[in-house]
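In what follows, a structure is listed as structure tokens, so that the remarks can point back to it.
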Amino acid sequence: MPQNFFVYQRRALQPLLFWGIVSSILGALMLPFGGFTRHFGLQAAAWGVIDVLLAMAGRRRALLKAEALAEHSLDESAATHEAERFRGILWFNAGLDVLYIVAGLFTALRFADRPDRRGMGVGIAVQGVFLLLFDALLARDVERKFLA
């Protein structure tokens, strides 16, 4: 492995952290409004907080493993195994992301006459689209850089 996978992983989770922070803030700013905007904002804020927590936990774990690898208390085969595991999680999540998009669009279309439900559905779909792009592109990148 030409580069420490765990250093890479820590950096690669930065966009998820940024997206989560921005989603949380913008979502919270939408809460005082009603109907579509409020429910879109609720989704942005809730998903954003979860994204921040996942990114922070993943970045912390990657930092600890990068340190262990640098101190030689972890070997390269463990890094390769972790890259395979991470790729698998990302592809699994990408499949879930497709379900989020479909569920969000279904909700928005099914309840088109209710602005609150439409906002909720569109909010879910938007989060799903970002996560699908993030997960799929990152999984491909991990495969290309560490498992080829």
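In the structure tokens, each chain is lettered A, B, ... as it comes, each chain's residues begin at 1, and ligands are numbered from 1 in order of appearance.
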Which residues are near Trp47 in chain A? Cut-off 12 Å, only C-alpha atoms, ignore same chain within fewer than 3 positions. Put them as a ChimeraX atom specification. /A:16-17,19-28,40-44,50-54,100,120,123-128,130-131
Could you give me, as a list in words, the residues within 7 Å of range 34-39 of chain A, counting only C-alpha atoms and dropping anything in the same chain fewer than 6 positions from it?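 Here the answer would be Pro115, Asp116, Arg118, Gly119 and Met120 of chain A.
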Contacts of Phe106 in chain A at 10 Å (only C-alpha atoms; same-chain gap of 3+ positions) as a list in words: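 Counting only the stated atoms, we get Tyr100, Ile101, Val102, Ala103, Leu109, Arg110, Phe111, Ala112, Arg118, Gly121, Val122 and Ala125 of chain A.
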Would you mind exporting the chosen residues as a PDB file, in the first residue's frame, restricted to C-alpha atoms?
```pdb
ATOM      1  CA  TYR A 100     -33.722   6.596   0.744  1.00  0.00           C
ATOM      2  CA  ILE A 101     -34.027   8.359  -2.606  1.00  0.00           C
ATOM      3  CA  VAL A 102     -36.909   6.140  -3.736  1.00  0.00           C
ATOM      4  CA  ALA A 103     -38.711   6.475  -0.380  1.00  0.00           C
ATOM      5  CA  LEU A 109     -45.221  12.380  -4.954  1.00  0.00           C
ATOM      6  CA  ARG A 110     -47.731  10.411  -2.903  1.00  0.00           C
ATOM      7  CA  PHE A 111     -48.450  13.404  -0.671  1.00  0.00           C
ATOM      8  CA  ALA A 112     -48.017  16.130  -3.293  1.00  0.00           C
ATOM      9  CA  ARG A 118     -43.676  16.878   0.266  1.00  0.00           C
ATOM     10  CA  GLY A 121     -39.906  13.530   1.052  1.00  0.00           C
ATOM     11  CA  VAL A 122     -37.771  15.948  -0.940  1.00  0.00           C
ATOM     12  CA  ALA A 125     -34.293  12.372  -1.373  1.00  0.00           C
TER      13      ALA A 125
END
```
Would you pick out the contacts of Arg87 in chain A at 12 Å or less, using only C-alpha atoms, so that residues sharing its chain but fewer than 6 positions from it are not included, and give the list as a list in words?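 Residues near the query, excluding close chain neighbours: Phe5, Gln9, Thr80, His81, Asn93, Ala94, Asp135, Ala136, Leu137, Leu138, Ala139, Arg140, Asp141, Val142, Glu143, Arg144, Lys145, Phe146 and Leu147 of chain A.
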File of the preceding selection, C-alpha atoms, as a tab-separated table (two decimals), in the first residue's frame:
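As a result, out11.tsv now contains:
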```tsv
chain	number	residue	atom	x	y	z
A	5	PHE	CA	-4.98	3.82	4.34
A	9	GLN	CA	-9.74	7.37	5.30
A	80	THR	CA	-5.69	-3.93	3.57
A	81	HIS	CA	-8.39	-5.79	5.49
A	93	ASN	CA	-24.62	2.15	2.28
A	94	ALA	CA	-24.91	3.08	-1.40
A	135	ASP	CA	-20.52	6.46	-0.81
A	136	ALA	CA	-20.22	5.18	-4.39
A	137	LEU	CA	-17.41	7.52	-5.41
A	138	LEU	CA	-15.47	6.84	-2.23
A	139	ALA	CA	-15.92	3.07	-2.56
A	140	ARG	CA	-14.56	3.24	-6.13
A	141	ASP	CA	-11.65	5.37	-5.01
A	142	VAL	CA	-10.75	2.99	-2.15
A	143	GLU	CA	-10.85	0.07	-4.58
A	144	ARG	CA	-8.66	1.87	-7.12
A	145	LYS	CA	-6.08	3.13	-4.62
A	146	PHE	CA	-5.85	0.30	-2.11
A	147	LEU	CA	-7.34	-2.91	-3.51
```
